[in-house]
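Undergrad: This is data05.cif, which holds mmCIF, C-alpha atoms:
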data_structure
#
loop_
_atom_site.label_atom_id
_atom_site.label_comp_id
_atom_site.auth_asym_id
_atom_site.auth_seq_id
_atom_site.Cartn_x
_atom_site.Cartn_y
_atom_site.Cartn_z
CA MET A 145 -9.11 31.82 -21.89
CA SER A 146 -8.44 34.54 -24.44
CA ARG A 147 -5.88 32.53 -26.38
CA HIS A 148 -7.43 33.20 -29.75
CA ARG A 149 -8.43 36.79 -29.22
CA LEU A 150 -6.74 39.22 -31.53
CA HIS A 151 -5.00 42.15 -29.89
CA ILE A 152 -5.23 45.26 -32.04
CA ALA A 153 -3.51 48.57 -31.38
CA ILE A 154 -4.72 51.67 -33.21
CA MET A 155 -2.44 54.66 -33.66
CA VAL A 156 -4.22 57.62 -35.22
CA HIS A 157 -4.46 61.10 -33.77
CA SER A 158 -8.02 61.67 -34.84
CA GLN A 159 -10.47 60.59 -32.15
CA ILE A 160 -13.22 60.32 -34.78
CA ILE A 161 -11.23 57.90 -36.92
CA TYR A 162 -10.24 55.90 -33.85
CA GLU A 163 -13.85 55.60 -32.70
CA GLY A 164 -14.93 54.68 -36.23
CA LEU A 165 -12.36 51.91 -36.55
CA HIS A 166 -13.17 50.71 -33.05
CA THR A 167 -16.85 50.42 -33.96
CA VAL A 168 -16.21 48.66 -37.27
CA LEU A 169 -13.84 46.13 -35.71
CA SER A 170 -15.94 45.51 -32.60
CA GLN A 171 -19.02 44.82 -34.67
CA SER A 172 -17.21 42.52 -37.11
CA GLU A 173 -16.73 38.77 -36.79
CA ILE A 174 -13.21 39.32 -35.50
CA ASP A 175 -12.86 38.43 -31.83
CA CYS A 176 -10.59 41.25 -30.76
CA ILE A 177 -9.39 43.51 -27.98
CA ILE A 178 -8.58 47.03 -29.10
CA CYS A 179 -6.37 49.66 -27.52
CA LYS A 180 -5.29 53.14 -28.54
CA VAL A 181 -1.63 54.11 -28.64
CA ASP A 182 -0.32 57.65 -29.02
CA SER A 183 3.20 57.06 -30.28
CA LEU A 184 5.67 54.38 -31.36
CA ASP A 185 7.30 54.73 -27.95
CA ASP A 186 3.99 53.91 -26.30
CA LEU A 187 3.62 50.95 -28.62
CA ALA A 188 7.08 49.68 -27.68
CA ASP A 189 6.13 50.00 -24.00
CA ILE A 190 2.96 48.01 -24.55
CA LEU A 191 4.74 45.34 -26.60
CA HIS A 192 7.11 44.93 -23.68
CA SER A 193 4.39 43.26 -21.64
CA LYS A 194 1.72 42.24 -24.13
CA LYS A 195 1.38 40.54 -27.42
CA VAL A 196 -0.10 42.79 -30.07
CA ASP A 197 -1.12 41.03 -33.28
CA LEU A 198 -2.03 43.99 -35.41
CA LEU A 199 -1.18 47.68 -35.50
CA ILE A 200 -3.42 49.94 -37.53
CA ILE A 201 -1.59 53.21 -38.06
CA ASN A 202 -1.84 56.46 -39.94
CA PRO A 203 1.32 56.10 -42.11
CA LEU A 204 2.07 59.82 -41.72
CA LEU A 205 3.00 59.02 -38.13
CA LEU A 206 5.81 56.84 -39.53
CA VAL A 207 7.49 59.71 -41.37
CA ASN A 208 11.02 60.18 -39.98
CA ARG A 209 10.38 57.32 -37.55
CA GLU A 210 11.41 54.52 -39.94
CA LYS A 211 14.22 53.44 -37.62
CA GLU A 212 11.93 52.95 -34.62
CA ALA A 213 9.33 51.21 -36.76
CA ARG A 214 11.92 48.81 -38.19
CA LYS A 215 13.20 48.05 -34.72
CA ILE A 216 9.68 47.20 -33.55
CA ARG A 217 9.16 44.97 -36.59
CA LYS A 218 12.43 43.20 -35.93
CA ASN A 219 11.73 42.61 -32.25
CA HIS A 220 8.12 41.58 -32.81
CA PRO A 221 7.92 39.55 -36.01
CA GLY A 222 4.38 38.43 -35.11
CA LEU A 223 3.07 41.96 -35.40
CA SER A 224 1.27 42.93 -38.62
CA ILE A 225 1.12 46.60 -39.53
CA VAL A 226 -1.68 48.00 -41.65
CA GLY A 227 -1.94 51.63 -42.72
CA ILE A 228 -5.07 53.69 -42.75
CA ASN A 229 -4.34 56.28 -45.41
CA LEU A 230 -5.87 59.69 -44.94
CA SER A 231 -3.79 61.23 -47.72
CA ILE A 232 -1.06 60.41 -50.20
CA VAL A 233 1.68 58.42 -48.51
CA ASP A 234 5.37 58.35 -49.43
CA ASN A 235 7.04 55.09 -50.42
CA HIS A 236 9.32 54.93 -47.39
CA SER A 237 6.35 54.74 -45.09
CA LEU A 238 4.45 52.36 -47.35
CA ALA A 239 7.39 49.96 -47.30
CA LEU A 240 6.90 49.52 -43.57
CA LEU A 241 3.34 48.30 -43.97
CA ASP A 242 1.93 44.86 -44.64
CA SER A 243 -1.18 46.33 -46.19
CA SER A 244 -3.21 49.49 -46.19
CA PHE A 245 -6.68 50.83 -46.73
CA THR A 246 -8.10 54.33 -47.03
CA ILE A 247 -10.81 56.10 -45.12
CA PHE A 248 -12.96 55.90 -48.26
CA ASP A 249 -12.98 52.09 -48.32
CA THR A 250 -16.19 50.37 -47.34
CA VAL A 251 -16.35 48.35 -44.13
CA GLU A 252 -16.29 45.14 -46.22
CA GLN A 253 -13.17 46.27 -48.08
CA VAL A 254 -11.40 47.09 -44.83
CA LEU A 255 -12.27 43.76 -43.24
CA SER A 256 -11.35 41.77 -46.34
CA LYS A 257 -7.94 43.49 -46.44
CA LEU A 258 -7.37 42.57 -42.82
CA GLN A 259 -8.39 39.00 -43.56
CA ARG A 260 -6.07 38.84 -46.55
CA ILE A 261 -3.01 39.41 -44.40
CA GLY A 262 -4.14 36.42 -42.39
CA ILE A 263 -4.80 38.09 -39.09
CA ASP A 264 -7.90 36.05 -38.46
CA SER A 265 -6.46 32.66 -39.37
CA GLU A 266 -5.89 32.02 -35.69
CA LEU A 267 -9.53 32.67 -34.97
CA LYS A 268 -10.57 29.77 -37.13
CA ALA A 269 -8.42 27.29 -35.26
CA PRO A 270 -10.59 24.72 -33.48
CA SER A 271 -11.33 25.80 -29.97
CA ASN A 272 -9.84 23.76 -27.17
CA ASP A 273 -12.13 21.24 -25.62
CA ASP A 274 -11.48 18.83 -22.86
CA ASN A 275 -11.96 15.59 -24.80
CA LEU A 276 -9.28 13.38 -23.34
CA THR A 277 -7.90 10.42 -25.26
CA ASP A 278 -8.28 6.91 -23.82
CA ARG A 279 -4.66 6.92 -22.73
CA GLU A 280 -5.03 10.30 -21.04
CA LEU A 281 -8.09 8.96 -19.22
CA ASP A 282 -6.02 5.99 -18.01
CA VAL A 283 -3.32 8.31 -16.70
CA LEU A 284 -5.86 10.65 -15.13
CA THR A 285 -7.63 7.81 -13.34
CA GLN A 286 -4.41 6.52 -11.81
CA LEU A 287 -3.28 10.03 -10.99
CA VAL A 288 -6.37 10.86 -8.97
CA HIS A 289 -5.99 7.61 -7.10
CA GLY A 290 -2.68 8.92 -5.88
CA TYR A 291 -0.24 6.91 -8.00
CA SER A 292 3.15 8.45 -8.81
CA ASN A 293 4.44 9.01 -12.34
CA LYS A 294 6.68 5.97 -11.95
CA GLU A 295 3.83 3.73 -10.76
CA ILE A 296 1.61 4.92 -13.60
CA ALA A 297 4.39 4.29 -16.13
CA ASP A 298 4.92 0.75 -14.83
CA SER A 299 1.26 -0.17 -14.74
CA LEU A 300 0.51 1.19 -18.25
CA ASN A 301 3.79 -0.09 -19.62
CA ILE A 302 4.91 3.30 -20.91
CA SER A 303 7.89 5.52 -20.09
CA ILE A 304 7.82 8.16 -17.35
CA HIS A 305 8.46 10.71 -20.06
CA THR A 306 5.24 9.66 -21.80
CA VAL A 307 3.33 9.90 -18.52
CA VAL A 308 4.61 13.46 -18.09
CA THR A 309 3.53 14.32 -21.64
CA HIS A 310 0.05 12.91 -20.97
CA ARG A 311 -0.16 14.94 -17.77
CA LYS A 312 0.80 18.11 -19.61
CA ASN A 313 -1.88 17.43 -22.22
CA ILE A 314 -4.48 16.73 -19.54
CA THR A 315 -3.68 20.08 -17.91
CA SER A 316 -3.76 22.02 -21.14
CA LYS A 317 -7.05 20.42 -22.20
CA THR A 318 -8.84 20.77 -18.87
CA GLY A 319 -7.21 23.92 -17.50
CA ILE A 320 -6.70 22.09 -14.20
CA ARG A 321 -3.22 21.67 -12.77
CA SER A 322 -3.33 20.22 -9.28
CA GLN A 323 -4.09 16.65 -8.35
CA SER A 324 -6.95 17.68 -6.04
CA GLY A 325 -8.44 19.79 -8.83
CA LEU A 326 -8.18 16.91 -11.30
CA THR A 327 -9.93 14.61 -8.84
CA ILE A 328 -12.90 16.96 -8.69
CA TYR A 329 -12.80 17.22 -12.49
CA ALA A 330 -12.81 13.44 -12.88
CA ILE A 331 -15.81 13.08 -10.56
CA SER A 332 -17.76 15.89 -12.24
CA LYS A 333 -17.17 14.30 -15.64
CA ARG A 334 -18.11 10.85 -14.25
CA ILE A 335 -14.68 9.53 -15.22
CA ILE A 336 -14.38 8.01 -11.80
CA SER A 337 -17.15 7.41 -9.35
CA ILE A 338 -17.35 9.29 -6.10
CA GLU A 339 -17.28 6.01 -4.20
CA ASP A 340 -13.75 5.43 -5.53
CA ILE A 341 -12.46 8.35 -3.58
CA ASP A 342 -11.89 8.05 0.08
CA LEU A 343 -12.74 11.46 1.42
CA GLN A 344 -10.77 10.97 4.58
CA ASN A 345 -7.51 9.97 3.00
CA HIS A 346 -7.56 11.80 -0.27
CA MET B 96 -8.93 38.70 -16.96
CA TYR B 97 -5.50 40.23 -16.55
CA ASN B 98 -5.15 40.78 -20.30
CA VAL B 99 -7.97 43.27 -20.67
CA SER B 100 -6.85 46.33 -22.61
CA ARG B 101 -6.53 49.33 -20.41
CA THR B 102 -4.88 52.72 -20.38
CA TYR B 103 -1.12 52.89 -20.11
CA ILE B 104 -0.89 55.15 -17.06
CA LYS B 105 1.17 58.35 -17.15
CA SER B 106 1.91 60.92 -14.49
CA GLY B 107 -0.51 63.63 -15.67
CA MET B 108 -3.59 61.39 -15.63
CA LYS B 109 -6.31 61.85 -13.02
CA LEU B 110 -6.79 59.12 -10.43
CA PHE B 111 -10.55 59.50 -10.67
CA ASP B 112 -10.59 58.66 -14.40
CA LEU B 113 -8.23 55.75 -13.91
CA ILE B 114 -10.29 54.28 -11.06
CA GLU B 115 -13.43 54.60 -13.15
CA GLU B 116 -11.74 52.58 -15.86
CA ASN B 117 -10.20 49.99 -13.53
CA PRO B 118 -11.75 49.90 -10.03
CA LEU B 119 -9.15 47.34 -8.96
CA LEU B 120 -6.76 50.28 -8.64
CA LEU B 121 -8.56 50.87 -5.34
CA LEU B 122 -6.93 47.70 -4.07
CA MET B 123 -3.55 49.08 -5.05
CA MET B 124 -4.30 52.33 -3.24
CA GLN B 125 -5.32 50.48 -0.13
CA HIS B 126 -2.07 48.49 -0.22
CA PHE B 127 -0.27 51.86 -0.39
CA ASP B 128 -2.33 53.17 2.60
CA ILE B 129 -3.89 55.84 0.40
CA ASP B 130 -7.42 57.09 1.02
CA PHE B 131 -9.96 56.58 -1.78
CA ARG B 132 -11.13 60.20 -1.82
CA VAL B 133 -8.84 61.28 -4.63
CA GLY B 134 -10.69 64.41 -5.73
CA ASP B 135 -9.18 65.74 -8.94
CA LEU B 136 -5.60 64.81 -8.16
CA THR B 137 -3.32 63.59 -10.92
CA MET B 138 -0.91 60.72 -10.41
CA SER B 139 2.04 63.05 -9.84
CA GLN B 140 0.11 65.37 -7.48
CA LEU B 141 -0.98 62.43 -5.37
CA CYS B 142 2.54 61.04 -5.18
CA LYS B 143 3.91 64.42 -4.14
CA GLU B 144 1.23 64.76 -1.46
CA LYS B 145 1.89 61.27 -0.07
CA GLY B 146 5.66 61.38 -0.45
CA ILE B 147 5.77 58.33 -2.73
CA ASN B 148 8.23 57.93 -5.60
CA GLU B 149 6.15 58.71 -8.67
CA LYS B 150 8.02 56.23 -10.87
CA LEU B 151 7.35 53.44 -8.37
CA PHE B 152 3.69 54.31 -7.96
CA THR B 153 3.13 54.58 -11.72
CA SER B 154 4.92 51.28 -12.37
CA ILE B 155 2.73 49.44 -9.89
CA ALA B 156 -0.43 51.14 -11.13
CA ASN B 157 0.52 50.02 -14.64
CA LEU B 158 0.94 46.46 -13.39
CA TYR B 159 -2.71 46.65 -12.31
CA ASN B 160 -3.54 47.82 -15.83
CA GLY B 161 -1.58 45.00 -17.43
CA PHE B 162 1.81 46.54 -18.25
CA LYS B 163 5.06 45.24 -16.84
CA PRO B 164 7.77 47.76 -15.88
CA LYS B 165 10.52 48.39 -18.42
CA GLU B 166 13.10 49.20 -15.77
CA ASN B 167 13.32 48.72 -12.04
CA PRO B 168 11.53 51.69 -10.44
CA ILE B 169 13.40 51.44 -7.13
CA ASP B 170 15.50 54.59 -6.62
CA SER B 171 16.08 54.70 -2.89
CA VAL B 172 15.97 52.96 0.46
CA ASP B 173 12.55 54.47 1.04
CA ASP B 174 11.24 52.79 -2.10
CA VAL B 175 12.18 49.36 -0.78
CA LYS B 176 10.45 50.12 2.53
CA GLN B 177 7.45 51.31 0.55
CA ILE B 178 7.29 48.09 -1.47
CA VAL B 179 7.68 45.88 1.57
CA ARG B 180 4.90 47.80 3.29
CA PHE B 181 2.76 47.42 0.18
CA LEU B 182 3.36 43.67 0.08
CA LYS B 183 2.69 43.29 3.80
CA ASN B 184 -0.55 45.20 3.44
CA SER B 185 -1.59 42.86 0.65
CA HIS B 186 -0.79 39.92 2.91
CA ASP B 187 -3.22 41.33 5.46
CA TYR B 188 -5.80 41.64 2.73
CA TYR B 189 -5.36 37.99 1.71
CA ARG B 190 -5.20 36.66 5.24
CA ASN B 191 -7.94 38.65 6.92
CA ASP B 192 -10.25 39.56 4.08
CA LYS B 193 -10.17 37.62 0.82
CA TYR B 194 -9.36 34.04 1.82
CA PRO B 195 -11.79 33.98 4.79
CA GLN B 196 -14.47 35.41 2.50
CA ILE B 197 -13.91 32.73 -0.16
CA SER B 198 -13.70 30.06 2.50
CA ALA B 199 -17.08 31.15 3.89
CA TYR B 200 -18.68 31.12 0.42
CA ILE B 201 -17.38 27.63 -0.34
CA LYS B 202 -18.56 26.38 3.05
CA GLN B 203 -22.01 27.84 2.42
CA LEU B 204 -22.10 26.34 -1.07
CA GLN B 205 -21.16 22.95 0.28
CA GLU B 206 -23.89 23.17 2.92
CA ASN B 207 -26.50 24.13 0.31
CA HIS B 208 -25.45 21.32 -2.06
CA PRO B 209 -24.39 18.17 -0.29
CA GLU B 210 -22.72 16.65 -3.39
CA LYS B 211 -19.40 15.05 -2.63
CA GLU B 212 -17.58 17.11 -5.27
CA LEU B 213 -18.21 20.20 -3.20
CA LYS B 214 -16.97 18.51 -0.08
CA LEU B 215 -13.77 17.76 -2.00
CA LEU B 216 -13.64 21.33 -3.27
CA GLU B 217 -13.90 22.65 0.27
CA LYS B 218 -11.14 20.31 1.39
CA PHE B 219 -9.00 21.34 -1.59
CA PHE B 220 -9.48 25.01 -0.75
CA ASN B 221 -8.80 24.62 2.96
CA GLU B 222 -5.56 22.75 2.32
CA TYR B 223 -4.53 25.39 -0.17
CA PHE B 224 -5.45 28.18 2.27
CA ALA B 225 -3.18 26.58 4.88
CA GLU B 226 -0.31 26.50 2.33
CA VAL B 227 -0.84 30.16 1.55
CA ILE B 228 -0.81 31.15 5.22
CA ASP B 229 2.53 29.34 5.59
CA HIS B 230 3.94 31.10 2.57
CA LEU B 231 2.80 34.54 3.77
CA TYR B 232 4.28 33.86 7.18
CA TYR B 233 7.58 32.90 5.56
CA GLU B 234 7.67 36.11 3.53
CA ASP B 235 6.76 38.27 6.52
CA THR B 236 9.31 36.72 8.85
CA VAL B 237 12.20 35.69 6.58
CA ALA B 238 12.15 37.29 3.14
CA PHE B 239 10.99 40.85 3.88
CA PRO B 240 13.24 41.40 6.92
CA TYR B 241 16.14 40.30 4.71
CA PHE B 242 15.41 43.02 2.16
CA ILE B 243 15.07 45.65 4.88
CA GLU B 244 18.41 44.55 6.30
CA LEU B 245 19.92 44.63 2.85
CA ILE B 246 19.23 48.36 2.56
CA SER B 247 19.85 49.45 6.14
CA HIS B 248 23.46 48.33 6.44
CA LYS B 249 25.50 47.07 3.56
CA PRO B 250 25.32 43.37 4.18
CA ASN B 251 28.32 41.18 4.19
CA ASN B 252 26.93 38.64 1.85
CA LYS B 253 29.61 36.08 2.56
CA ASN B 254 28.25 35.65 6.06
CA ASN B 255 24.67 35.90 5.00
CA LEU B 256 22.89 32.60 4.85
CA TYR B 257 19.90 34.01 3.07
CA SER B 258 19.77 35.62 -0.39
CA ALA B 259 17.44 36.95 -3.05
CA LYS B 260 18.19 33.79 -5.02
CA GLU B 261 16.92 31.62 -2.21
CA TYR B 262 13.84 33.80 -1.98
CA SER B 263 13.16 33.48 -5.70
CA GLU B 264 13.44 29.70 -5.42
CA HIS B 265 11.12 29.59 -2.44
CA HIS B 266 8.76 31.85 -4.25
CA THR B 267 5.79 29.88 -5.58
CA ASP B 268 2.95 30.61 -7.92
CA ILE B 269 0.31 30.65 -5.26
CA GLU B 270 -2.38 31.82 -7.63
CA LEU B 271 -2.35 28.61 -9.72
CA LYS B 272 -4.73 26.68 -7.47
CA ILE B 273 -7.15 29.59 -7.54
CA LYS B 274 -7.24 29.08 -11.31
CA ASP B 275 -8.09 25.42 -10.77
CA ILE B 276 -11.02 26.28 -8.52
CA LYS B 277 -12.26 28.92 -10.94
CA ASN B 278 -12.02 26.54 -13.89
CA LEU B 279 -13.82 23.79 -11.97
CA LEU B 280 -16.67 26.14 -11.13
CA LEU B 281 -16.96 27.65 -14.60
CA LYS B 282 -16.44 24.51 -16.65
CA TYR B 283 -17.09 21.29 -14.84
CA VAL B 284 -18.77 21.02 -11.45
CA ILE B 285 -22.55 20.83 -11.82
CA ILE B 286 -24.39 22.89 -9.22
CA ASN B 287 -28.07 23.73 -9.54
CA ASP B 288 -29.12 27.38 -9.17
CA ASP B 289 -27.71 29.32 -6.22
CA LEU B 290 -26.44 31.90 -8.69
CA ASN B 291 -26.09 34.70 -6.12
CA LEU B 292 -23.73 32.74 -3.95
CA ARG B 293 -21.82 31.33 -6.92
CA ARG B 294 -21.39 34.78 -8.46
CA LYS B 295 -20.07 36.18 -5.19
CA LEU B 296 -17.65 33.30 -4.93
CA LEU B 297 -16.44 33.71 -8.51
CA PHE B 298 -16.03 37.48 -8.16
CA SER B 299 -13.96 36.92 -5.03
CA LEU B 300 -11.82 34.34 -6.80
CA PHE B 301 -11.19 36.68 -9.73
CA GLU B 302 -10.31 39.54 -7.41
CA LEU B 303 -7.94 37.38 -5.41
CA GLU B 304 -6.31 35.84 -8.48
CA TYR B 305 -5.74 39.29 -9.96
CA ASP B 306 -4.13 40.71 -6.85
CA LEU B 307 -2.03 37.61 -6.23
CA TYR B 308 -0.73 37.70 -9.78
CA ILE B 309 0.34 41.34 -9.40
CA HIS B 310 1.81 40.53 -6.01
CA SER B 311 4.03 37.88 -7.63
CA LEU B 312 4.97 40.25 -10.45
CA ILE B 313 6.09 42.92 -7.97
CA GLU B 314 8.25 40.37 -6.23
CA GLU B 315 9.64 38.91 -9.44
CA THR B 316 10.15 42.02 -11.54
CA ILE B 317 11.00 44.60 -8.84
CA LEU B 318 12.02 43.23 -5.44
CA ILE B 319 14.07 40.16 -6.41
CA PRO B 320 16.07 41.89 -9.21
CA PHE B 321 16.78 44.73 -6.76
CA GLY B 322 18.05 42.18 -4.24
CA TYR B 323 20.41 40.67 -6.84
CA ASN B 324 21.80 44.13 -7.61
CA MET B 325 22.37 45.03 -3.98
CA GLU B 326 24.08 41.72 -3.23
CA ARG B 327 26.51 42.31 -6.08
CA VAL B 328 27.60 45.73 -4.73
#
How would this structure read if it were set down as structure tokens?
TA:
Amino acid sequence: MSRHRLHIAIMVHSQIIYEGLHTVLSQSEIDCIICKVDSLDDLADILHSKKVDLLIINPLLLVNREKEARKIRKNHPGLSIVGINLSIVDNHSLALLDSSFTIFDTVEQVLSKLQRIGIDSELKAPSNDDNLTDRELDVLTQLVHGYSNKEIADSLNISIHTVVTHRKNITSKTGIRSQSGLTIYAISKRIISIEDIDLQNH
Amino acid sequence: MYNVSRTYIKSGMKLFDLIEENPLLLLMMQHFDIDFRVGDLTMSQLCKEKGINEKLFTSIANLYNGFKPKENPIDSVDDVKQIVRFLKNSHDYYRNDKYPQISAYIKQLQENHPEKELKLLEKFFNEYFAEVIDHLYYEDTVAFPYFIELISHKPNNKNNLYSAKEYSEHHTDIELKIKDIKNLLLKYVIINDDLNLRRKLLFSLFELEYDLYIHSLIEETILIPFGYNMERV
């Protein structure tokens, strides 16, 4: 459902700056979920159970915490880190960042810097739709009529492995996993007619 | 729905604020047999008052807010009893509250719209409901008593026919079919109007899916790993 949503963590101590960033990001084109973190330890806790795509951090909070920051980078290579500079920042901290902006940048400058590090490339990926290929439709039709993988493979003259791959694709395209669910899907989409299904035996 | 960004809960936070942010924490409290009138109590004050291990309570509350535990929060025999009671209470909630409610909504929907898809949907749900009842019965009568036995007297595992491993294999993702029903209703099945009933049904499905998912996480990330550890001793 939220596969393409960007998860952003913001680590700044100033509530005003947090709220400001939150507003700018929420009102931009970026489809994102934003959370506030208070420390690198908190961030590590969050990363333990969730994917975070982008950390926006006041680089001063990285001073003397280079070790922790490097560890997080190593364990979570998918995480981009962008600094929001409130003052002059030392080179050690800057080296930990993918990019940075200052609180004097305009909204457009901030967003274009975020775009430059490629954080929104995912957002432009085509959204999933449930257009099944002809072969997938064949497999689906047989599946909802109660045929086994082996029977489907034999009748379509393909390997069982291929049948399994088609089934996986059908599930990922439709979001429906069970055979009963796929039957209802196939009827709703007029892939099979209701008369084909025997309500008593299905 | 589970991925919504929420507060990472810590011991000094007030229950009232947390419930305002995520009302589903009320479900957790009910599973812990805790009254909803929380006043101004913080997490740690409440735990002290109710005699619950704060680490355990915070870990489970964080599961409801979307964070998995870093380490197993079970410290004592009482914690295991507490978890088993929590899981049993959630079984009662599924069995006597949520599933019958959803079942009634689907039945009503099917009566209002005599399309055959909905007849199939009702059949699908009823078969699934029966599977769930079986699974809950198995956990109540086989799995949970095993864990209670595991803590009450050091088991002699050689003679024990049952194990945490067997439980984890028997353990199924019972929320997956709920996802199917939700997806069918939101994406595919055409039903005209009846928005009140359909909204109530969808809300119930979301609520159930959410609690079932956490239920599985508690079993997978807390109870089963604890069982493995105890068996090794």
Undergrad: So, counting all atoms listed in the file, which residue among A:Ser322, A:Lys317, A:Leu284, A:Arg311 is closest to A:Ile336?
TA: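 So, comparing all the options, the nearest one is A:Leu284.
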Undergrad: Would you mind listing what lies within 12 Å of B:Glu115 as a list in words, with all atoms listed in the file counted and same-chain residues fewer than 5 positions away left out?
TA: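 Contacts, with the query itself left out: Arg101, Thr102, Lys109, Leu110, Leu120, Leu121 and Val133 of chain B.
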Undergrad: Using the chain letters and numbers from the file, give me the residues hit by the PyMOL selection byres ((chain B) within 9 of (chain A)), as a VMD selection string.
TA: chain B and resid 96 98 to 103 161 to 165 211 to 216 218 to 219 271 to 272 274 to 276 278 to 279 282 to 285
Undergrad: Between B:Asn184, B:Thr236, B:Asn324, B:Asn191, which residue has the minimum interatomic distance to B:Leu122, considering all atoms listed in the file?
TA: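 Once distances to B:Leu122 are computed over all atoms listed in the file, the minimum belongs to B:Asn184.
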Undergrad: Find the spatial neighbours of B:Phe298, counting all atoms listed in the file, within a cut-off of 12 Å - ignore same-chain residues fewer than 6 positions away - and output them as a list in words.
TA: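 The filter keeps Met96, Lys193, Gln196, Ile197, Tyr200, Ile273, Lys277, Leu280, Leu281, Leu290, Asn291, Leu292, Glu304 and Tyr305 of chain B.
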Undergrad: Print the selection's residues with C-alpha atoms to a file, as an mmCIF file, keeping the file's coordinate frame.
TA:
data_model
loop_
_atom_site.group_PDB
_atom_site.id
_atom_site.type_symbol
_atom_site.label_atom_id
_atom_site.label_comp_id
_atom_site.auth_asym_id
_atom_site.auth_seq_id
_atom_site.Cartn_x
_atom_site.Cartn_y
_atom_site.Cartn_z
ATOM 1 C CA MET B 96 -8.930 38.700 -16.960
ATOM 2 C CA LYS B 193 -10.170 37.620 0.820
ATOM 3 C CA GLN B 196 -14.470 35.410 2.500
ATOM 4 C CA ILE B 197 -13.910 32.730 -0.160
ATOM 5 C CA TYR B 200 -18.680 31.120 0.420
ATOM 6 C CA ILE B 273 -7.150 29.590 -7.540
ATOM 7 C CA LYS B 277 -12.260 28.920 -10.940
ATOM 8 C CA LEU B 280 -16.670 26.140 -11.130
ATOM 9 C CA LEU B 281 -16.960 27.650 -14.600
ATOM 10 C CA LEU B 290 -26.440 31.900 -8.690
ATOM 11 C CA ASN B 291 -26.090 34.700 -6.120
ATOM 12 C CA LEU B 292 -23.730 32.740 -3.950
ATOM 13 C CA GLU B 304 -6.310 35.840 -8.480
ATOM 14 C CA TYR B 305 -5.740 39.290 -9.960
#
Undergrad: If we count all atoms listed in the file and set the cut-off at 12 Å, which residues sit around A:Ser224, ignoring sequence neighbours fewer than 6 positions away in its own chain? Please answer as a ChimeraX atom specification.
TA: /A:150-154,195-201,213,216-218,240-244,258-264
Undergrad: For a test of reading the model, state the distance in Å between atom CA of B:Leu182 and atom CA of B:Tyr308, rounded to one decimal.
TA: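 Going from atom CA of B:Leu182 over to atom CA of B:Tyr308 covers 12.2 Å.
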Undergrad: Which one of B:Pro209, B:Gly134, B:Gly146, B:Pro240 sits closest to B:Asp174 if you count all atoms listed in the file?
TA: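 Using all atoms listed in the file, the shortest distance to B:Asp174 belongs to B:Gly146.
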Undergrad: What is the distance between atom CA of B:Ile269 and atom CA of B:Phe224, in Å to one decimal?
TA: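 According to the coordinates, atom CA of B:Ile269 and atom CA of B:Phe224 are separated by 9.8 Å.
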Undergrad: Quick one: which residues end up in the PyMOL selection byres ((chain B and resi 126) around 7) for this structure, as a ChimeraX atom specification?
TA: /B:122-125,127-128,181,184-185
Undergrad: Write the residues of the selection above to a file with C-alpha atoms, as a compact mmCIF listing (two decimals), in the coordinates of the input.
TA:
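Now in out24.txt:
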# COMPACT_ATOMS: atom_id res chain seq x y z
CA LEU B 122 -6.93 47.70 -4.07
CA MET B 123 -3.55 49.08 -5.05
CA MET B 124 -4.30 52.33 -3.24
CA GLN B 125 -5.32 50.48 -0.13
CA PHE B 127 -0.27 51.86 -0.39
CA ASP B 128 -2.33 53.17 2.60
CA PHE B 181 2.76 47.42 0.18
CA ASN B 184 -0.55 45.20 3.44
CA SER B 185 -1.59 42.86 0.65
Undergrad: Would you mind reading off the distance between atom CA of A:Gln253 and atom CA of A:Leu165, one decimal, in Å?
TA: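 Computing the Euclidean distance for atom CA of A:Gln253 and atom CA of A:Leu165 yields 12.9 Å.
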Undergrad: Find the spatial neighbours of B:Ile104, counting all atoms listed in the file, within a cut-off of 9 Å - ignore same-chain residues fewer than 3 positions away - and output them as a PyMOL selection string.
TA: chain B and resi 101+107-108+113+138+153-154+156-157+160
Undergrad: Can you tell me, as a PyMOL selection string, what residues are no more than 10 Å from B:Glu234 when counting only C-alpha atoms, ignoring any on the same chain fewer than 2 positions away?
TA: chain B and resi 179+182-183+186+228-232+236-241+262+265-266
Undergrad: Taking into account all atoms listed in the file, which residue in the set A:Asn219, A:Gln171, A:Gly290, A:Asp185 is nearest to A:Leu205?
TA: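 Closest to A:Leu205 of all the choices is A:Asp185.
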Undergrad: Going by the chain IDs and residue numbers used in this file, which residues fall under the PyMOL selection byres ((chain A and resi 310) around 10)? Write them as a ChimeraX atom specification.
TA: /A:276-277,279-284,304-309,311-316
Undergrad: Write out, as a CSV table (one decimal), in the frame of the given file, the residues just selected, with C-alpha atoms.
TA:
chain,number,residue,atom,x,y,z
A,276,LEU,CA,-9.3,13.4,-23.3
A,277,THR,CA,-7.9,10.4,-25.3
A,279,ARG,CA,-4.7,6.9,-22.7
A,280,GLU,CA,-5.0,10.3,-21.0
A,281,LEU,CA,-8.1,9.0,-19.2
A,282,ASP,CA,-6.0,6.0,-18.0
A,283,VAL,CA,-3.3,8.3,-16.7
A,284,LEU,CA,-5.9,10.6,-15.1
A,304,ILE,CA,7.8,8.2,-17.4
A,305,HIS,CA,8.5,10.7,-20.1
A,306,THR,CA,5.2,9.7,-21.8
A,307,VAL,CA,3.3,9.9,-18.5
A,308,VAL,CA,4.6,13.5,-18.1
A,309,THR,CA,3.5,14.3,-21.6
A,311,ARG,CA,-0.2,14.9,-17.8
A,312,LYS,CA,0.8,18.1,-19.6
A,313,ASN,CA,-1.9,17.4,-22.2
A,314,ILE,CA,-4.5,16.7,-19.5
A,315,THR,CA,-3.7,20.1,-17.9
A,316,SER,CA,-3.8,22.0,-21.1
